[in-house]
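J.: Dropping in structure_23.tsv, which is TSV, C-alpha atoms:
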```tsv
chain	number	residue	atom	x	y	z
C	1	MET	CA	-28.43	-1.19	-7.20
C	2	LYS	CA	-28.20	1.78	-9.53
C	3	THR	CA	-24.77	3.36	-9.61
C	4	LYS	CA	-26.33	6.79	-9.26
C	5	ASN	CA	-27.96	5.76	-5.98
C	6	PHE	CA	-24.78	4.15	-4.79
C	7	ILE	CA	-22.89	7.39	-5.47
C	8	ASP	CA	-25.52	9.28	-3.48
C	9	PHE	CA	-25.00	6.81	-0.68
C	10	LEU	CA	-21.22	7.34	-0.74
C	11	ALA	CA	-21.34	11.12	-0.99
C	12	THR	CA	-24.00	11.74	1.65
C	13	GLY	CA	-22.37	12.91	4.84
C	14	ALA	CA	-18.93	12.20	3.40
C	15	GLY	CA	-17.40	15.37	4.82
C	16	PRO	CA	-13.82	16.31	4.10
C	17	ALA	CA	-11.31	13.58	3.27
C	18	PRO	CA	-9.36	12.35	6.28
C	19	LYS	CA	-5.60	12.91	6.54
C	20	PHE	CA	-3.32	10.27	5.10
C	21	ASN	CA	-1.27	9.19	8.09
C	22	ALA	CA	1.23	6.86	6.41
C	23	ALA	CA	4.25	8.56	7.95
C	24	LEU	CA	2.86	8.18	11.46
C	25	LYS	CA	1.98	4.50	11.06
C	26	LEU	CA	5.26	3.63	9.40
C	27	PHE	CA	7.15	5.53	12.07
C	28	ALA	CA	5.38	3.47	14.74
C	29	ALA	CA	6.38	0.34	12.82
C	30	LEU	CA	9.96	1.62	12.67
C	31	LEU	CA	10.09	2.16	16.44
C	32	ALA	CA	8.69	-1.32	17.07
C	33	GLY	CA	11.12	-2.94	14.66
C	34	LEU	CA	14.12	-1.06	16.06
C	35	ALA	CA	13.15	-1.84	19.64
C	36	ALA	CA	12.85	-5.54	18.79
C	37	SER	CA	16.09	-5.71	16.82
C	38	LEU	CA	18.20	-3.70	19.29
C	39	GLY	CA	16.50	-5.56	22.15
C	40	ILE	CA	17.52	-8.95	20.77
C	41	GLY	CA	21.02	-7.62	20.11
C	42	CYS	CA	21.43	-6.30	23.66
C	43	VAL	CA	20.03	-9.45	25.26
C	44	VAL	CA	22.28	-11.73	23.24
C	45	HIS	CA	25.37	-9.55	23.51
C	46	GLY	CA	24.88	-7.91	26.89
C	47	ILE	CA	25.13	-4.14	27.01
C	48	THR	CA	28.82	-3.27	27.15
C	49	PRO	CA	30.53	-0.01	26.23
C	50	SER	CA	32.95	-1.94	24.02
C	51	ALA	CA	30.02	-2.88	21.83
C	52	LEU	CA	29.90	0.67	20.57
C	53	SER	CA	33.58	1.50	20.43
C	54	ALA	CA	35.06	-0.08	17.32
C	55	SER	CA	35.07	2.37	14.43
C	56	ALA	CA	34.35	-0.39	11.92
C	57	ARG	CA	31.06	-0.90	13.67
C	58	TRP	CA	30.08	2.61	12.73
C	59	VAL	CA	30.64	1.88	9.08
C	60	ARG	CA	28.14	-0.95	9.38
C	61	VAL	CA	25.76	1.33	11.24
C	62	ALA	CA	26.10	3.94	8.50
C	63	TYR	CA	25.42	1.29	5.85
C	64	ALA	CA	22.33	0.16	7.74
C	65	LEU	CA	21.12	3.73	8.23
C	66	SER	CA	21.45	4.54	4.54
C	67	MET	CA	19.47	1.40	3.67
C	68	LEU	CA	16.93	2.39	6.28
C	69	ALA	CA	16.58	5.80	4.65
C	70	VAL	CA	16.02	4.31	1.20
C	71	GLY	CA	13.60	1.75	2.66
C	72	TRP	CA	11.70	4.54	4.39
C	73	VAL	CA	11.29	6.47	1.15
C	74	MET	CA	10.20	3.31	-0.68
C	75	VAL	CA	7.51	2.28	1.81
C	76	GLN	CA	6.21	5.85	1.95
C	77	GLN	CA	5.78	5.88	-1.82
C	78	LEU	CA	4.33	2.40	-2.08
C	79	ALA	CA	1.82	3.01	0.70
C	80	ARG	CA	-0.21	4.99	-1.85
C	81	PRO	CA	-1.91	3.71	-5.00
C	82	LEU	CA	0.84	3.70	-7.61
C	83	LEU	CA	1.11	2.69	-11.23
C	84	ASN	CA	4.81	2.15	-11.50
C	85	ALA	CA	7.22	2.08	-8.63
C	86	LYS	CA	10.74	1.96	-9.92
C	87	GLY	CA	11.81	5.07	-8.06
C	88	ALA	CA	14.10	3.77	-5.37
C	89	ARG	CA	15.75	0.95	-7.29
C	90	TRP	CA	18.80	3.01	-8.23
C	91	PRO	CA	19.68	4.46	-4.82
C	92	LEU	CA	19.47	0.94	-3.43
C	93	MET	CA	21.82	-0.51	-6.02
C	94	LEU	CA	24.14	2.47	-5.73
C	95	MET	CA	24.46	1.94	-2.00
C	96	VAL	CA	25.32	-1.73	-2.39
C	97	LEU	CA	27.86	-0.80	-5.07
C	98	VAL	CA	29.48	1.84	-2.85
C	99	MET	CA	29.77	-0.67	0.00
C	100	ALA	CA	31.17	-3.27	-2.41
C	101	GLY	CA	33.59	-0.61	-3.68
C	102	PHE	CA	34.86	-0.02	-0.15
C	103	GLY	CA	35.18	-3.78	0.24
C	104	VAL	CA	37.19	-4.23	-2.93
C	105	ALA	CA	39.39	-1.22	-2.08
C	106	ALA	CA	40.12	-2.66	1.36
C	107	TRP	CA	40.91	-5.98	-0.21
C	108	MET	CA	43.31	-4.41	-2.71
C	109	ALA	CA	45.05	-2.55	0.09
C	110	SER	CA	45.39	-5.65	2.25
C	111	PRO	CA	48.41	-7.98	2.20
C	112	PRO	CA	48.10	-10.84	-0.30
C	113	GLY	CA	46.22	-13.93	0.83
C	114	GLN	CA	43.77	-11.94	2.93
C	115	ALA	CA	40.86	-12.19	0.52
C	116	ASP	CA	39.39	-15.30	2.16
C	117	VAL	CA	39.38	-13.70	5.58
C	118	LEU	CA	37.87	-10.47	4.32
C	119	PHE	CA	35.16	-12.17	2.30
C	120	TRP	CA	34.14	-15.22	4.33
C	121	GLY	CA	35.07	-13.95	7.80
C	122	GLU	CA	34.12	-16.33	10.56
C	123	SER	CA	30.35	-15.97	10.40
C	124	TRP	CA	29.26	-15.93	6.77
C	125	MET	CA	27.11	-19.01	7.27
C	126	VAL	CA	24.99	-17.43	10.00
C	127	SER	CA	25.10	-13.67	9.41
C	128	PRO	CA	22.46	-13.41	6.66
C	129	PHE	CA	20.04	-15.67	8.51
C	130	LEU	CA	20.50	-13.95	11.85
C	131	ILE	CA	19.86	-10.62	10.14
C	132	VAL	CA	16.62	-12.05	8.75
C	133	LEU	CA	15.66	-13.21	12.26
C	134	TYR	CA	16.44	-9.79	13.73
C	135	SER	CA	14.32	-8.22	11.00
C	136	LEU	CA	11.17	-10.30	11.31
C	137	PRO	CA	9.47	-8.22	14.05
C	138	GLY	CA	10.12	-5.06	12.02
C	139	LEU	CA	8.80	-6.78	8.89
C	140	ALA	CA	5.60	-7.79	10.66
C	141	ALA	CA	5.14	-4.24	11.93
C	142	ALA	CA	5.79	-2.67	8.51
C	143	LEU	CA	3.38	-5.05	6.77
C	144	TRP	CA	0.78	-4.36	9.41
C	145	ALA	CA	1.16	-0.63	8.80
C	146	LEU	CA	0.94	-1.07	5.02
C	147	ARG	CA	-2.19	-3.19	5.40
C	148	THR	CA	-4.00	-0.21	6.89
C	149	LEU	CA	-2.80	2.04	4.03
C	150	ALA	CA	-3.41	1.75	0.29
C	151	PRO	CA	-0.64	-0.08	-1.58
C	152	THR	CA	-1.56	-1.32	-5.05
C	153	ARG	CA	1.81	-2.79	-6.03
C	154	LEU	CA	1.63	-5.51	-3.45
C	155	ARG	CA	4.77	-7.50	-4.18
C	156	PHE	CA	6.89	-4.40	-4.53
C	157	ALA	CA	5.39	-2.86	-1.40
C	158	GLY	CA	6.19	-6.09	0.45
C	159	PHE	CA	9.75	-5.97	-0.88
C	160	ALA	CA	10.12	-2.37	0.29
C	161	ALA	CA	8.84	-3.35	3.72
C	162	GLY	CA	11.47	-6.10	3.73
C	163	ILE	CA	14.33	-3.71	2.90
C	164	PHE	CA	13.02	-1.26	5.50
C	165	ALA	CA	12.85	-4.01	8.13
C	166	GLY	CA	16.12	-5.62	7.01
C	167	ALA	CA	17.97	-2.36	7.70
C	168	GLN	CA	16.44	-2.32	11.19
C	169	GLY	CA	17.60	-5.91	11.65
C	170	VAL	CA	21.17	-4.99	10.70
C	171	LEU	CA	21.21	-2.21	13.30
C	172	GLY	CA	20.55	-4.79	16.02
C	173	TYR	CA	22.78	-7.45	14.52
C	174	VAL	CA	25.74	-5.06	14.42
C	175	LEU	CA	25.90	-5.37	18.21
C	176	ILE	CA	26.86	-9.05	18.00
C	177	GLY	CA	28.23	-9.56	14.49
C	178	PRO	CA	31.94	-10.37	14.87
C	179	ASP	CA	33.00	-9.69	11.27
C	180	ASP	CA	33.52	-6.10	10.23
C	181	ALA	CA	35.47	-6.36	6.95
C	182	TYR	CA	33.87	-4.13	4.31
C	183	LEU	CA	33.85	-6.96	1.81
C	184	PHE	CA	32.08	-9.22	4.30
C	185	VAL	CA	29.46	-6.57	5.07
C	186	ALA	CA	28.88	-5.78	1.40
C	187	MET	CA	28.21	-9.44	0.66
C	188	TRP	CA	26.56	-11.09	3.66
C	189	TYR	CA	24.80	-8.18	5.33
C	190	THR	CA	23.38	-7.19	1.96
C	191	LEU	CA	22.26	-10.76	1.43
C	192	GLY	CA	20.46	-10.73	4.80
C	193	VAL	CA	18.59	-7.55	3.90
C	194	LEU	CA	17.79	-8.90	0.45
C	195	LEU	CA	16.41	-12.14	1.90
C	196	THR	CA	14.16	-10.10	4.18
C	197	GLY	CA	13.06	-8.17	1.11
C	198	ILE	CA	12.20	-11.39	-0.71
C	199	ILE	CA	10.23	-12.70	2.28
C	200	GLY	CA	8.37	-9.38	2.31
C	201	MET	CA	7.69	-9.67	-1.40
C	202	LEU	CA	6.28	-13.19	-1.06
C	203	LEU	CA	4.13	-12.19	1.92
C	204	GLY	CA	3.10	-8.90	0.30
C	205	SER	CA	0.98	-10.40	-2.44
C	206	LYS	CA	-0.90	-12.41	0.22
C	207	VAL	CA	-1.28	-10.13	3.22
C	208	LEU	CA	-1.50	-6.70	1.61
C	209	ARG	CA	-4.64	-7.33	-0.45
C	210	TRP	CA	-7.61	-5.07	0.06
U	1	MET	CA	-1.99	4.31	-19.01
U	2	PRO	CA	-4.99	2.96	-20.91
U	3	ARG	CA	-6.68	5.35	-23.28
U	4	GLU	CA	-9.89	5.54	-21.27
U	5	PHE	CA	-7.89	7.48	-18.75
U	6	SER	CA	-5.40	9.35	-20.90
U	7	ALA	CA	-7.08	10.18	-24.20
U	8	SER	CA	-10.60	10.84	-22.99
U	9	LEU	CA	-9.25	12.79	-20.07
U	10	GLY	CA	-6.76	15.09	-21.73
U	11	ASN	CA	-7.79	18.58	-20.67
U	12	ALA	CA	-10.47	17.01	-18.53
U	13	GLU	CA	-7.80	15.83	-16.10
U	14	SER	CA	-7.21	19.31	-14.78
U	15	GLU	CA	-10.94	19.99	-14.58
U	16	LEU	CA	-11.62	16.69	-12.83
U	17	ARG	CA	-8.74	17.26	-10.48
U	18	ALA	CA	-9.96	20.73	-9.50
U	19	LEU	CA	-13.39	19.29	-8.72
U	20	TRP	CA	-11.88	16.42	-6.83
U	21	LEU	CA	-9.87	18.75	-4.60
U	22	GLN	CA	-13.05	20.65	-3.73
U	23	ALA	CA	-14.74	17.34	-2.94
U	24	GLN	CA	-11.78	16.39	-0.76
U	25	ALA	CA	-12.27	19.62	1.14
U	26	GLY	CA	-15.80	18.52	2.00
U	27	ASP	CA	-18.14	19.74	-0.78
U	28	GLU	CA	-20.66	16.90	-1.07
U	29	VAL	CA	-22.52	18.23	-4.11
U	30	ILE	CA	-19.30	18.36	-6.08
U	31	TYR	CA	-18.25	15.00	-4.69
U	32	ARG	CA	-21.43	13.45	-6.08
U	33	ASP	CA	-20.84	15.06	-9.47
U	34	VAL	CA	-17.21	14.04	-9.70
U	35	LEU	CA	-17.98	10.45	-8.67
U	36	CYS	CA	-20.54	10.28	-11.51
U	37	ARG	CA	-17.90	11.40	-13.99
U	38	ILE	CA	-15.42	8.91	-12.62
U	39	ALA	CA	-18.04	6.15	-12.82
U	40	ARG	CA	-18.31	6.82	-16.56
U	41	LEU	CA	-14.54	6.48	-16.99
U	42	LEU	CA	-14.48	3.32	-14.93
U	43	ARG	CA	-17.31	1.79	-16.92
U	44	ALA	CA	-15.51	2.37	-20.20
U	45	TYR	CA	-12.25	1.05	-18.80
U	46	LEU	CA	-13.73	-2.05	-17.18
U	47	ARG	CA	-16.09	-2.98	-19.99
U	48	ARG	CA	-13.17	-3.46	-22.33
U	49	ARG	CA	-11.40	-5.70	-19.88
U	50	MET	CA	-14.32	-7.77	-18.65
U	51	ALA	CA	-15.70	-8.85	-21.99
U	52	GLY	CA	-16.31	-12.35	-20.65
U	53	SER	CA	-18.49	-11.17	-17.78
U	54	PRO	CA	-20.47	-8.11	-18.91
U	55	ASP	CA	-23.05	-8.65	-16.16
U	56	GLU	CA	-20.44	-7.92	-13.55
U	57	VAL	CA	-19.02	-4.71	-15.00
U	58	GLU	CA	-21.33	-2.51	-12.98
U	59	ASP	CA	-20.59	-4.51	-9.82
U	60	LEU	CA	-16.95	-3.73	-10.28
U	61	VAL	CA	-17.64	-0.08	-11.12
U	62	GLN	CA	-19.32	0.24	-7.75
U	63	GLU	CA	-16.62	-1.75	-6.01
U	64	CYS	CA	-14.05	0.66	-7.45
U	65	LEU	CA	-16.12	3.68	-6.38
U	66	LEU	CA	-16.30	2.29	-2.87
U	67	ALA	CA	-12.54	1.71	-2.89
U	68	LEU	CA	-11.89	5.27	-4.14
U	69	HIS	CA	-14.11	6.62	-1.40
U	70	LEU	CA	-12.48	4.54	1.33
U	71	GLN	CA	-8.97	5.40	0.18
U	72	ARG	CA	-9.53	9.01	-0.77
U	73	ALA	CA	-7.09	10.10	1.93
U	74	SER	CA	-4.35	8.43	-0.10
U	75	TYR	CA	-4.64	10.83	-3.05
U	76	ASP	CA	-1.52	12.94	-3.28
U	77	PRO	CA	-2.43	16.32	-4.88
U	78	ALA	CA	1.04	16.42	-6.45
U	79	GLN	CA	0.10	13.45	-8.65
U	80	PRO	CA	-2.36	13.30	-11.57
U	81	LEU	CA	-5.81	12.27	-10.38
U	82	SER	CA	-6.30	9.90	-13.31
U	83	ALA	CA	-3.17	7.94	-12.38
U	84	TRP	CA	-4.47	7.51	-8.85
U	85	ILE	CA	-7.91	6.37	-10.05
U	86	TYR	CA	-6.36	4.02	-12.55
U	87	ALA	CA	-3.99	2.50	-9.97
U	88	ILE	CA	-6.91	1.67	-7.69
U	89	SER	CA	-9.23	0.37	-10.39
U	90	ARG	CA	-6.47	-1.74	-11.89
U	91	HIS	CA	-5.86	-3.18	-8.43
U	92	LYS	CA	-9.56	-4.03	-8.09
U	93	LEU	CA	-9.71	-5.49	-11.59
U	94	ILE	CA	-6.77	-7.79	-10.88
U	95	ASP	CA	-8.48	-8.83	-7.68
U	96	PHE	CA	-11.63	-9.60	-9.69
U	97	TRP	CA	-9.69	-11.71	-12.18
U	98	ARG	CA	-8.08	-13.59	-9.34
U	99	ARG	CA	-11.46	-14.36	-7.81
U	100	ASN	CA	-12.87	-15.45	-11.16
U	101	ARG	CA	-9.98	-17.37	-12.57
U	102	ARG	CA	-12.21	-19.67	-14.55
U	103	TYR	CA	-13.38	-16.69	-16.61
U	104	GLY	CA	-9.85	-15.46	-17.11
U	105	ALA	CA	-9.53	-16.54	-20.72
U	106	GLN	CA	-12.68	-14.70	-21.71
U	107	ASN	CA	-11.55	-11.52	-20.06
U	108	ASP	CA	-8.72	-10.62	-22.39
U	109	PRO	CA	-8.77	-6.94	-23.15
U	110	ILE	CA	-10.59	-6.28	-26.40
U	111	ASP	CA	-10.15	-3.24	-28.53
U	112	ASP	CA	-12.92	-3.50	-31.11
U	113	VAL	CA	-15.84	-2.59	-28.88
U	114	ASP	CA	-18.34	-0.16	-30.35
U	115	GLU	CA	-17.17	3.15	-28.94
U	116	LEU	CA	-20.74	4.39	-28.72
U	117	LEU	CA	-21.54	1.59	-26.33
U	118	LEU	CA	-18.74	2.83	-24.13
U	119	ILE	CA	-19.57	6.48	-23.85
U	120	GLY	CA	-23.30	6.76	-24.45
U	121	GLU	CA	-24.01	5.61	-20.95
U	122	ALA	CA	-26.28	7.44	-18.55
U	123	GLY	CA	-25.67	7.13	-14.84
U	124	ASP	CA	-28.48	4.64	-14.28
U	125	SER	CA	-26.70	1.33	-14.85
U	126	THR	CA	-27.58	-1.26	-12.28
U	127	SER	CA	-25.34	-3.67	-10.42
U	128	ASN	CA	-26.15	-6.89	-8.57
U	129	MET	CA	-25.20	-5.23	-5.32
U	130	ASP	CA	-27.90	-5.26	-2.67
U	131	LEU	CA	-27.24	-2.58	-0.10
U	132	ALA	CA	-29.82	-3.83	2.38
U	133	ARG	CA	-28.35	-7.31	2.33
U	134	LEU	CA	-24.83	-6.00	2.85
U	135	LEU	CA	-25.89	-3.73	5.68
U	136	ALA	CA	-27.64	-6.66	7.36
U	137	GLU	CA	-24.28	-8.41	7.60
U	138	LEU	CA	-22.66	-5.57	9.54
U	139	PRO	CA	-22.37	-5.35	13.31
U	140	ASP	CA	-25.33	-3.43	14.77
U	141	VAL	CA	-23.56	-0.18	15.69
U	142	GLN	CA	-21.82	0.10	12.34
U	143	ARG	CA	-25.09	-0.49	10.49
U	144	ARG	CA	-26.88	2.05	12.66
U	145	ALA	CA	-24.20	4.68	12.10
U	146	ILE	CA	-24.33	4.14	8.33
U	147	GLU	CA	-28.12	4.20	8.22
U	148	LEU	CA	-28.35	7.44	10.16
U	149	THR	CA	-25.65	9.38	8.35
U	150	LYS	CA	-25.82	7.95	4.84
U	151	LEU	CA	-29.42	6.82	4.32
U	152	GLU	CA	-31.41	9.11	6.58
U	153	GLY	CA	-29.01	11.96	5.90
U	154	LEU	CA	-28.51	13.12	9.46
U	155	SER	CA	-25.51	15.32	10.15
U	156	GLY	CA	-22.63	13.91	12.14
U	157	ALA	CA	-23.74	15.82	15.23
U	158	GLU	CA	-27.35	14.63	14.98
U	159	ALA	CA	-26.31	11.02	14.50
U	160	ALA	CA	-23.91	11.32	17.41
U	161	ALA	CA	-26.70	12.58	19.65
U	162	GLN	CA	-29.01	9.73	18.58
U	163	ILE	CA	-26.51	6.95	19.21
U	164	GLY	CA	-24.94	8.64	22.21
U	165	MET	CA	-21.38	8.80	20.92
U	166	THR	CA	-19.01	11.51	19.79
U	167	GLU	CA	-18.97	12.65	16.17
U	168	GLY	CA	-15.49	11.25	15.76
U	169	ALA	CA	-16.64	7.83	16.95
U	170	ILE	CA	-19.50	7.90	14.41
U	171	ARG	CA	-17.06	8.71	11.61
U	172	VAL	CA	-14.89	5.77	12.62
U	173	LEU	CA	-17.93	3.45	12.74
U	174	VAL	CA	-19.07	4.54	9.29
U	175	HIS	CA	-15.59	4.08	7.84
U	176	ARG	CA	-15.21	0.63	9.39
U	177	GLY	CA	-18.66	-0.36	8.22
U	178	LEU	CA	-17.92	0.68	4.63
U	179	LYS	CA	-14.61	-1.11	4.77
U	180	ARG	CA	-16.35	-4.24	5.97
U	181	MET	CA	-18.84	-3.83	3.12
U	182	SER	CA	-16.04	-3.69	0.58
U	183	GLN	CA	-14.88	-7.09	1.86
U	184	LEU	CA	-18.42	-8.45	1.91
U	185	VAL	CA	-19.29	-7.56	-1.69
U	186	LYS	CA	-16.71	-10.09	-2.77
U	187	VAL	CA	-18.34	-12.97	-0.91
U	188	VAL	CA	-21.98	-12.11	-0.26
U	189	MET	CA	-22.81	-10.87	-3.74
U	190	LYS	CA	-21.59	-13.95	-5.58
```
Would you give me this structure, written as structure tokens?

T.:
Amino acid sequence: MKTKNFIDFLATGAGPAPKFNAALKLFAALLAGLAASLGIGCVVHGITPSALSASARWVRVAYALSMLAVGWVMVQQLARPLLNAKGARWPLMLMVLVMAGFGVAAWMASPPGQADVLFWGESWMVSPFLIVLYSLPGLAAALWALRTLAPTRLRFAGFAAGIFAGAQGVLGYVLIGPDDAYLFVAMWYTLGVLLTGIIGMLLGSKVLRW
Amino acid sequence: MPREFSASLGNAESELRALWLQAQAGDEVIYRDVLCRIARLLRAYLRRRMAGSPDEVEDLVQECLLALHLQRASYDPAQPLSAWIYAISRHKLIDFWRRNRRYGAQNDPIDDVDELLLIGEAGDSTSNMDLARLLAELPDVQRRAIELTKLEGLSGAEAAAQIGMTEGAIRVLVHRGLKRMSQLVKVVMK
């Protein structure tokens, strides 16, 4: 077929370009992921007022929300055809560093011999993996949304979807996670989100092709 | 960015972008014109990178044009148009290489192509794509919607009246049909 004719075919009746509804689709994915993550958290934990009382819990919530914000910006950017997508790398690292800074400060301020408790807590073996589990519905939803959009950096877009979903997973996991030391959160919660990001990256190059 | 997009564009970027925005707003005559210009850029870009399979350059040019058309909502006016076009065509080129791994070695970018060969190209290059065959593979309603609006040139309202659907439904059918076609070109046209 001649390219000229093909262009005629494309342009005929093309009308105005449709709206790019990335924000809407990703917001729907966010709601689905949050509902799943908080749902699992409530079912496992039972809904009790005490679940929301401890102030240390709010630090974890704030950490998750800031990761969610960065993840949101990243998926928004990567939903469009992009050449290079390094934009959100620094905010992400900065956030982890700030959390780690809090952790180290708390450790310095604690009585000697506390480091083990602050770092390993009682749940380091399960926390990262449970966070991944809590994040999977959100990851599926985010990847589904991206599939209908136009990412061209597939692995990076998948990674962003993983960070976005991982933050949603943390929000649900906070309801049951027993450890609240800053150092613990900076290490094991971050690892959980990072693992979700890596799963997203591996899936991205497969499922996001178009 | 490769020079086909940066050097040859230069001032042309702003001109191309202005035209593109008018096309986005719904001007079909300009859309046709701007797609022809983009096809020339794509041809130059792809020819360099598909030296091992020159017969398939035009196939990929058309595949890229189809992708640009399907994804035109994703163009952000705050970004350079050439970067957007390049991101999509690069994506399609990588996809092509992946499909044709055995040719990979022959497809190294080459830089000593006769420049005249690259630019002196009229818009009448031919691909192996067979529109009729692709359309035949589509579900009936999608094919019908595409035939009416894109081949017979009916307006959305006229096509809607013929099929007995709303205009919006026709638009969705056409979009889905083209999307399906962009998947089919990879398998049917081999």

J.: Select residues of chain U: the criterion is any atom within 7 Å of an atom of chain C, counting all atoms listed in the file; output as a PyMOL selection string.

T.: chain U and resi 24-26+28+31-32+35+62+71-74+83-84+87-88+91+123-130+149-151+153+155

J.: If we count all atoms listed in the file, what is near C:Ala100 at a cut-off of 8 Å, once residues fewer than 6 positions away on the same chain are taken out, given as an MDAnalysis selection string?

T.: chainID C and resid 182:183 186:187

J.: By how many Å are atom CA of U:Arg133 and atom CA of U:Gly177 apart?

T.: 13.3 Å

J.: Show me, as an NGL selection string, the residues that have an atom within 12 Å of U:Arg143 when counting all atoms listed in the file, minus same-chain residues fewer than 3 positions from it.

T.: :U and (131-140 or 146-151 or 163 or 170 or 173-181)

J.: Hey, what's within 7 Å of stretch 39-41 of chain U if we count all atoms listed in the file and toss same-chain stuff fewer than 3 positions away? As a list in words, please?

T.: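 Contacts, with the query itself left out: Glu4, Phe5, Leu35, Cys36, Ala44, Tyr45 and Val61 of chain U.
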
J.: Given the choices U:Val29, U:Leu46, U:Ala161, U:Ala145, which gets closest to U:Ile94 if the distance is worked out from only C-alpha atoms?

T.: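 Nearest to U:Ile94: U:Leu46.
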
J.: Report the distance between atom CA of U:Tyr75 and atom CA of U:Arg90 in Å, rounded to one decimal place.

T.: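 One can read the atom CA of U:Tyr75 to atom CA of U:Arg90 distance as 15.5 Å.
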
J.: Which distance in Å separates atom CA of C:Val132 and atom CA of C:Gly192, to one decimal?

T.: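 A separation of 5.7 Å between them.
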
J.: Is there a way to get, as a PyMOL selection string, all residues within 8 Å of the point (26.7, -9.7, 12.7) in file coordinates, counting all atoms listed in the file?

T.: chain C and resi 123+127+130-131+170+173-179+189
